[in-house]
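Inspection log for the structure reproduced underneath, given as structure tokens.
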There are 2 protein chains.
Amino acid sequence: MNPPARTALFAVAAWLCNCASGAPETPLNHQPSANRLLLGFGADATAAQRALEAKFDQQLQRANMRDWMKRMTSHAHHLGSPYGKEVAEFIATQFRTWGYDTEIEQFDVLFPTPSDRLLEMTAPSHFEARLAELPLPQDATSGLTDEQLPTYNAFSIDGDVAAELVYVNQGVPKDYELLERRGIDVSGKIVIARYGGSWRGIKPKVAAEHGAVGCLIYSDPRDDGYFEGDVYPQGSYRNENGAQRGSVVDMPLYPGDPLTPGVPAGKNAKRLAIKDAPSLTKIPVLPISYADALPLLKALTNGPVAPEGWRGALPITYHLGPGPAKVHLKLQFDWKLRPAYDVIAKLAGAEQAEQWVIRGNHHDAWVFGAEDPISGTVTLMEEARVLSELKKQGWRPKRTIVFTVWDGEEPGLIGSTEWVEAHAESLREHAVAYINTDNNGRGYLRVSGSHTLEKFVSDISKDVFDPEKKISVEARLRSDRIVYGSPDERREARDRADLRIGALGSGSDYTPFLQHLGVASLDIRYSGESDGGSYHSIYDSFDYYTRFGDPNFDYGIALAQTAGRAVLRLADAQTLPFEFTDFADTIASYLKEVKKLADDMREETRETNRQINDHDFDAVSDPAQILLPPKKHDPVPFLNFAPLDNALAILQESARAYEIALGKARATNVSWPAQAVQDLNAILMKTELAMTLDRGLPRREWYKHQIYAPGFYTGYGVKTLPAVREAIEQRRWPEADQEIVLTGRTLEQVAEEINRAATMVTTTSGQ
Amino acid sequence: MNPPARTALFAVAAWLCNCASGAPETPLNHQPSANRLLLGFGADATAAQRALEAKFDQQLQRANMRDWMKRMTSHAHHLGSPYGKEVAEFIATQFRTWGYDTEIEQFDVLFPTPSDRLLEMTAPSHFEARLAELPLPQDATSGLTDEQLPTYNAFSIDGDVAAELVYVNQGVPKDYELLERRGIDVSGKIVIARYGGSWRGIKPKVAAEHGAVGCLIYSDPRDDGYFEGDVYPQGSYRNENGAQRGSVVDMPLYPGDPLTPGVPAGKNAKRLAIKDAPSLTKIPVLPISYADALPLLKALTNGPVAPEGWRGALPITYHLGPGPAKVHLKLQFDWKLRPAYDVIAKLAGAEQAEQWVIRGNHHDAWVFGAEDPISGTVTLMEEARVLSELKKQGWRPKRTIVFTVWDGEEPGLIGSTEWVEAHAESLREHAVAYINTDNNGRGYLRVSGSHTLEKFVSDISKDVFDPEKKISVEARLRSDRIVYGSPDERREARDRADLRIGALGSGSDYTPFLQHLGVASLDIRYSGESDGGSYHSIYDSFDYYTRFGDPNFDYGIALAQTAGRAVLRLADAQTLPFEFTDFADTIASYLKEVKKLADDMREETRETNRQINDHDFDAVSDPAQILLPPKKHDPVPFLNFAPLDNALAILQESARAYEIALGKARATNVSWPAQAVQDLNAILMKTELAMTLDRGLPRREWYKHQIYAPGFYTGYGVKTLPAVREAIEQRRWPEADQEIVLTGRTLEQVAEEINRAATMVTTTSGQ
């Protein structure tokens, strides 16, 4: 496995025929793996790597995944729980057994758990919400009620409020615009929002912005219950007592420990006072089941009938209120610092030990977490175990592989964020990429991440076979986009050489790596055929997962093969498999989107203002109902997108230059000094860093990445070119103009790095 | 009011400035009525007519509408009922009192009423459906249970069947395609379909085509119940016991008495045997409430979960079945001939008594029918009363006005169809146009009909004021299209001189006039702000209507003003107000649609076949579910649309020629002999007849019109250019080619008539 110190040009250049041809491979879907060179590998190295991957595949054992899952889900293991610590120790012990250099890093982080929860309706009749999921004979762990965290939203503030209820749909900004048009003011009221349409933490944030004093979030059976399918335990969907726990910390502001933004939550860290922590909610908030929501919504008979799109699947007429339903919400939390245990296990690289390929998954759950996160955790562990076997069999990775198993992901990516903040400097120096997984299930490969790795992961998807279909997971995904996609998606699925991957917003542990540090990241899972409603519930259990999730761990194996290949190839590649034409193509599509956003807003604003001026809204209003005209807005100015247009052109040129340089290098026969390969890799691994700006995004400094961010008003949902896009969305026109310039400069900074790489290839290969 | 025998050219031509300019009027929405000449009237005649209309408006009394409604809805008055006869006699008496030449014409028509109705679930548990709407203290007539027709579908055959249940969504052909892909065969089964997606009679028709032995149709609360709004008596929507009665006779084949297709059901008519009547259903069918449907659907736990778009608002997981729910359906009817009483009242014309302007509304109801049809019936009566007042005040219409009040509309347009069949020859000779109304409520003007009357009715809408907004109903409608329409509709609402009207399918008494005879027709109502769920229920009552429908009969007045103006202007116009550029423009849009239909089907077929061949469907199927690939179809050939393209060009030219001829006539100063005006009108009133072919539509000879027809698989829903469109939809390619030729010839036939009119104008005015 040990490569020569000097790399023959052939070996460096041969893989270029894959990424540098420009023309799609033919036939796209069924190219035999063996004939295709791996990105970053020459012919011999490809053959060796493929042999290694075959050995890797052969040794993956689903029984391990099953056993470990059974063990780790046998008790509740949330952040700060006794069994959570045991789980971390169990994982660490396994890694040690496998020969990894393993440690548990501890952080002391704020994690409130409920000491008092009361929700009662006080008018027009009395009803006290049960606020509990019920044990089921078909679900062995559901009866362990003593150790389960109750249903609540972490980082809600304490509160004791009583007020009339208002139904606010999904509780996103546009819902409040409509409420205002219907003459409904939520100030001083308690709002009830259904899950969906945004990440949950947005709901209390926007409710508080509008003056509400409390917030309930419920799972409507339309979105998460019997409307979707048979409910548990008959089927996999959320039953009437199921409630979705979850964090409501203001993650789009910054994730991690709310008391230590930007710095690690070590023993002696300087901490904010709880009252000063900006990421806590401003009002108390509680998640409830649809059994608990039904009496409340049924009693909400005042006010207009909710618009059609706002209505759920409860057997009632949905009204907006306010009242006559009045509710009393009392929440008290135990505001303790608790220990978070991150397991960090290293396998040192044989050649470039200072280059780290990081592979992560969290281990903490809301309750038992068989799917979320243990289905991913056991996959990561099985990958690690087999790597240790390969090592016993003589293999050593070129680069260092770091397995990371995080605590405290559920309350707010706490374990990963604190670790990243603790090791920011060395990570910026050493991290090649971060490969994240979380939950997993039957279905289709889902990858989101850095588009400089799009071709890399697209190639991997050609080499992993779908356990149900015996075709590559890539071919299956192409068929999915052909059958169910839009005409554009269908055309691309047929014609584009690489499968498109999504952009990362937030919701798992890649966020600190990608968006705070600027480390290229991928998030990988399988899903689509194991839908259900166990998310953040006591029913996310071993019994449930082995019935509805991935009963035979077939997709656990597929995920291990996928993420395993990503790790192995990144660790062993001669030159790092970053590629930039797909990236530039993606940026072009984002730029098109933000331009269209501005154009559409301009046209919409113009049209709406015209309708207001022409009294069209007055003409169509029904005197029996209140429906005020929308608000007038100032006209949307034409923005100067030239800085982004110019930057994109430069970026595209640099991507092409690198591609051409590699193509030419292939035609020559010059040997490369090892140092040159090293230098090239050193540039390549930092192209993502060039996408960050130290000042961060406007009003949220923690988020440094200028291409990808979670949306300030969407939460998990990604905003690409976020500084520009959100300035437009929020109608901050001078800011939009400034951010266009800054984002343009950032892209030019990336192009500069790519050009440096291209020049190095050109010079070294004597062109 | 008596116009001179010779009409000064000025008078003939002056109105042309309105329809012949081509340019839109400015400003579109607010042109003062007084400055606009009426179509077909000169300046003096316009002034006189406007004065007449003002007198007409002043004398309309909402108290009459209210009193008559209260009286006519005090008992059940369905076809064949004792009170139905009283209602007809009451109406006739009123007309006689008002001086009309009035008679009641009787037909003897088949009308089955239930003698036995049983629906029970026999597995997995027992449940017997209540099959009854309940009396409510808030609804005075709801307690008159003895006289109410029970909930049933008229013209279902007798049956006694027991089988497993299958849920078929709306029971239209594409629903069965999906069932087949899910591996579900309905043959030998009883299907349950929800209302919606087609006229109800399509559901048992398509179910029988697929081998089902029985059919239930229920009102899902998603479409017609609490999902929409508060239910009766708290609100206006259908409550859990409400069920929708209605006819299931195969109306798209032919309406009217099923035993006498094409001929009047007189005493001695030759009648088909009931077993030979092709328009009866092939399987028994019963409508049920959602209270009765819920236990059945809840017990339907077998088979896949219904696709998302198929799911309603009951608090269950919708499954497709079959079973385990098994039901037993027993239906027996009393197959009697019953008398239908049409009230026909004439006001003879002073000048062209042989030209009849016909105004109609039905009087029979399913039960009390306050909205359907009495809200329209009382409007018609008040129009007639005021005309009689105008007559007393010295006015006489130029043309004969015929008021028609139909019996037996509900079971299948029986009264109108039989009358039209009885008087076909003279109607073809004398009918100028038929103006229909049916139910009415608060809201917006809704007009569908012959597009040769589009400009005429668009002009009327500028002269009627919305009672809520004090702007013209036209301006309100334009605002509605501006605020809620598609971009195209919005642009047209701002820029097009005339408001577009819809095309007529079926569902009310215009069908025999328009589609069998070829008499230009309009259907007029107000709606949109009085939504509810009383349709064909015992709750369609006086109490309900005066609470939710049009409490003060404001829109009753608006409808009387609208339909009244249509009648008055058609009756008094010097030249008949038909216009052809809007018509040609509409035909152009239909032709574009059918071409697009063929193109879309071609592309879709090609794409689907490709996906089947490429095994894309196999790749995406979930092994845990059955989802077969769709069926392959032969490629869609390119059709020769040239005959329609050529015919359209000729039609457009003729419309323009008529417009230009009138424009030039205006510039000359020649007097027209009365006979020339007569001759021109004789041509104009028969242009609609030129749109018919005696052979009818393929496989449904009764329907003669080649532009408008109810869809064979949609029922009420219109199919324009039906012979061509349905041949394409049904993939009958040789037939499509033939029908393109025939429809093209029909359009040329229309163009020829228009050209004759143009030539007459040119010659007479000495151009």
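Note on naming: chains are A, B, ... as they come in the structure tokens, residues start from 1 per chain, ligands start from 1 in the order shown.
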Show me, as a list in words, the residues of chain A whose atoms get within 6 Å of chain B, using only C-alpha atoms for the distance check.
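Taken together, these residues fit the definition: Tyr226, Phe227, Gly229, Asp230, Ala313, Pro315, Ile316, Thr317, Arg476, Ser479, Asp480, Asp616, Ala619 and Val620 of chain A.
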I need the residues in segment 80-168 of chain B that are strand (DSSP E) according to DSSP; give them as a PyMOL selection string.
chain B and resi 101-123+127-128+153-154+159-167
So that I can check the surroundings of segment 554-558 of chain B, please list as a PyMOL selection string every protein, DNA and RNA residue that reaches within 10 Å of it, counting only C-alpha atoms and ignoring chain neighbours fewer than 6 positions away.
chain B and resi 57+60-62+65-66+375-380+382-383+439-445+464-468+473+525-527+564
If DSSP is run on the backbone, what residues of segment 516-737 of chain B are helix (DSSP H, G or I)? A reply as a ChimeraX atom specification would be ideal.
/B:516-517,542-549,554-572,581-613,616-620,642-667,674-684,689-691,722-729,733-737
I need the residues from that last selection saved to file as a short mmCIF file (atom, residue, chain, number, x, y, z; two decimals), in the first residue's frame (with C-alpha atoms), if you can.
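Saved to again_24.cif:
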```cif
data_model
loop_
_atom_site.label_atom_id
_atom_site.label_comp_id
_atom_site.auth_asym_id
_atom_site.auth_seq_id
_atom_site.Cartn_x
_atom_site.Cartn_y
_atom_site.Cartn_z
CA HIS B 516 -79.32 19.94 -29.09
CA LEU B 517 -80.93 22.79 -31.01
CA PHE B 542 -85.52 29.26 3.37
CA ASP B 543 -83.92 29.49 6.82
CA TYR B 544 -80.54 28.56 5.42
CA TYR B 545 -80.70 30.80 2.35
CA THR B 546 -81.80 33.90 4.20
CA ARG B 547 -78.92 33.36 6.62
CA PHE B 548 -76.07 32.29 4.35
CA GLY B 549 -77.17 32.68 0.73
CA ASP B 554 -79.39 42.08 -2.94
CA TYR B 555 -77.90 39.72 -5.45
CA GLY B 556 -81.37 38.58 -6.41
CA ILE B 557 -81.87 42.17 -7.51
CA ALA B 558 -78.48 42.21 -9.25
CA LEU B 559 -79.32 39.01 -11.10
CA ALA B 560 -82.71 40.37 -12.12
CA GLN B 561 -80.99 43.50 -13.41
CA THR B 562 -78.49 41.40 -15.35
CA ALA B 563 -80.80 38.79 -16.84
CA GLY B 564 -83.51 41.43 -17.22
CA ARG B 565 -81.21 43.63 -19.29
CA ALA B 566 -80.24 40.64 -21.41
CA VAL B 567 -83.88 39.91 -22.14
CA LEU B 568 -84.85 43.54 -22.69
CA ARG B 569 -81.95 44.30 -25.00
CA LEU B 570 -82.38 41.10 -27.00
CA ALA B 571 -86.07 41.80 -27.27
CA ASP B 572 -85.74 45.45 -28.25
CA THR B 581 -64.47 38.72 -33.23
CA ASP B 582 -64.67 37.57 -29.59
CA PHE B 583 -66.08 34.29 -30.83
CA ALA B 584 -63.23 33.81 -33.34
CA ASP B 585 -60.72 34.75 -30.66
CA THR B 586 -62.21 32.11 -28.38
CA ILE B 587 -62.12 29.44 -31.09
CA ALA B 588 -58.46 30.29 -31.68
CA SER B 589 -57.78 29.61 -28.01
CA TYR B 590 -59.62 26.28 -28.18
CA LEU B 591 -57.66 25.24 -31.23
CA LYS B 592 -54.45 26.11 -29.43
CA GLU B 593 -55.60 23.95 -26.52
CA VAL B 594 -56.38 20.86 -28.57
CA LYS B 595 -53.07 21.13 -30.39
CA LYS B 596 -51.29 21.43 -27.09
CA LEU B 597 -53.27 18.48 -25.81
CA ALA B 598 -52.03 16.32 -28.67
CA ASP B 599 -48.47 17.62 -28.31
CA ASP B 600 -48.45 17.07 -24.56
CA MET B 601 -49.85 13.56 -24.93
CA ARG B 602 -47.24 12.80 -27.56
CA GLU B 603 -44.41 13.99 -25.38
CA GLU B 604 -45.84 12.28 -22.29
CA THR B 605 -46.37 9.00 -24.13
CA ARG B 606 -42.88 9.13 -25.59
CA GLU B 607 -41.39 9.90 -22.20
CA THR B 608 -43.37 7.23 -20.36
CA ASN B 609 -42.53 4.59 -22.95
CA ARG B 610 -38.88 5.55 -22.69
CA GLN B 611 -38.95 5.23 -18.92
CA ILE B 612 -40.60 1.83 -19.20
CA ASN B 613 -38.00 0.68 -21.73
CA ASP B 616 -36.69 3.43 -14.61
CA PHE B 617 -39.95 2.37 -12.99
CA ASP B 618 -38.41 -0.90 -11.87
CA ALA B 619 -35.50 1.02 -10.41
CA VAL B 620 -37.68 3.27 -8.27
CA ALA B 642 -54.60 22.17 -41.21
CA PRO B 643 -58.38 21.90 -41.81
CA LEU B 644 -58.97 23.60 -38.45
CA ASP B 645 -56.22 26.14 -39.03
CA ASN B 646 -57.70 27.03 -42.40
CA ALA B 647 -61.23 27.15 -41.06
CA LEU B 648 -60.12 29.40 -38.21
CA ALA B 649 -58.45 31.77 -40.66
CA ILE B 650 -61.66 31.93 -42.69
CA LEU B 651 -63.70 32.45 -39.53
CA GLN B 652 -61.44 35.23 -38.32
CA GLU B 653 -61.64 36.88 -41.70
CA SER B 654 -65.42 36.70 -41.73
CA ALA B 655 -65.63 38.17 -38.23
CA ARG B 656 -63.38 40.99 -39.31
CA ALA B 657 -65.34 41.46 -42.56
CA TYR B 658 -68.56 41.87 -40.59
CA GLU B 659 -66.85 44.32 -38.28
CA ILE B 660 -65.43 46.33 -41.18
CA ALA B 661 -68.70 46.30 -43.10
CA LEU B 662 -70.48 47.73 -40.08
CA GLY B 663 -67.75 50.30 -39.62
CA LYS B 664 -68.12 51.49 -43.20
CA ALA B 665 -71.91 51.44 -43.00
CA ARG B 666 -71.62 53.86 -40.18
CA ALA B 667 -69.75 56.32 -42.36
CA ALA B 674 -87.05 47.39 -42.41
CA GLN B 675 -86.86 44.22 -44.43
CA ALA B 676 -83.10 44.48 -44.70
CA VAL B 677 -82.82 44.79 -40.93
CA GLN B 678 -85.11 41.79 -40.66
CA ASP B 679 -83.03 39.79 -43.08
CA LEU B 680 -79.84 40.67 -41.27
CA ASN B 681 -81.36 39.61 -37.97
CA ALA B 682 -82.60 36.39 -39.53
CA ILE B 683 -79.04 35.52 -40.43
CA LEU B 684 -77.58 36.63 -37.11
CA LEU B 689 -77.36 26.79 -35.59
CA ALA B 690 -74.50 26.71 -38.09
CA MET B 691 -72.32 25.36 -35.29
CA PRO B 722 -65.65 18.12 -28.31
CA ALA B 723 -65.43 15.71 -31.23
CA VAL B 724 -61.78 16.56 -31.80
CA ARG B 725 -60.81 16.91 -28.16
CA GLU B 726 -62.37 13.68 -26.97
CA ALA B 727 -61.00 11.70 -29.91
CA ILE B 728 -57.53 12.84 -28.85
CA GLU B 729 -58.17 12.21 -25.16
CA TRP B 733 -56.42 8.81 -33.95
CA PRO B 734 -58.28 8.10 -37.20
CA GLU B 735 -61.40 9.57 -35.61
CA ALA B 736 -59.42 12.64 -34.50
CA ASP B 737 -58.30 13.20 -38.09
#
```
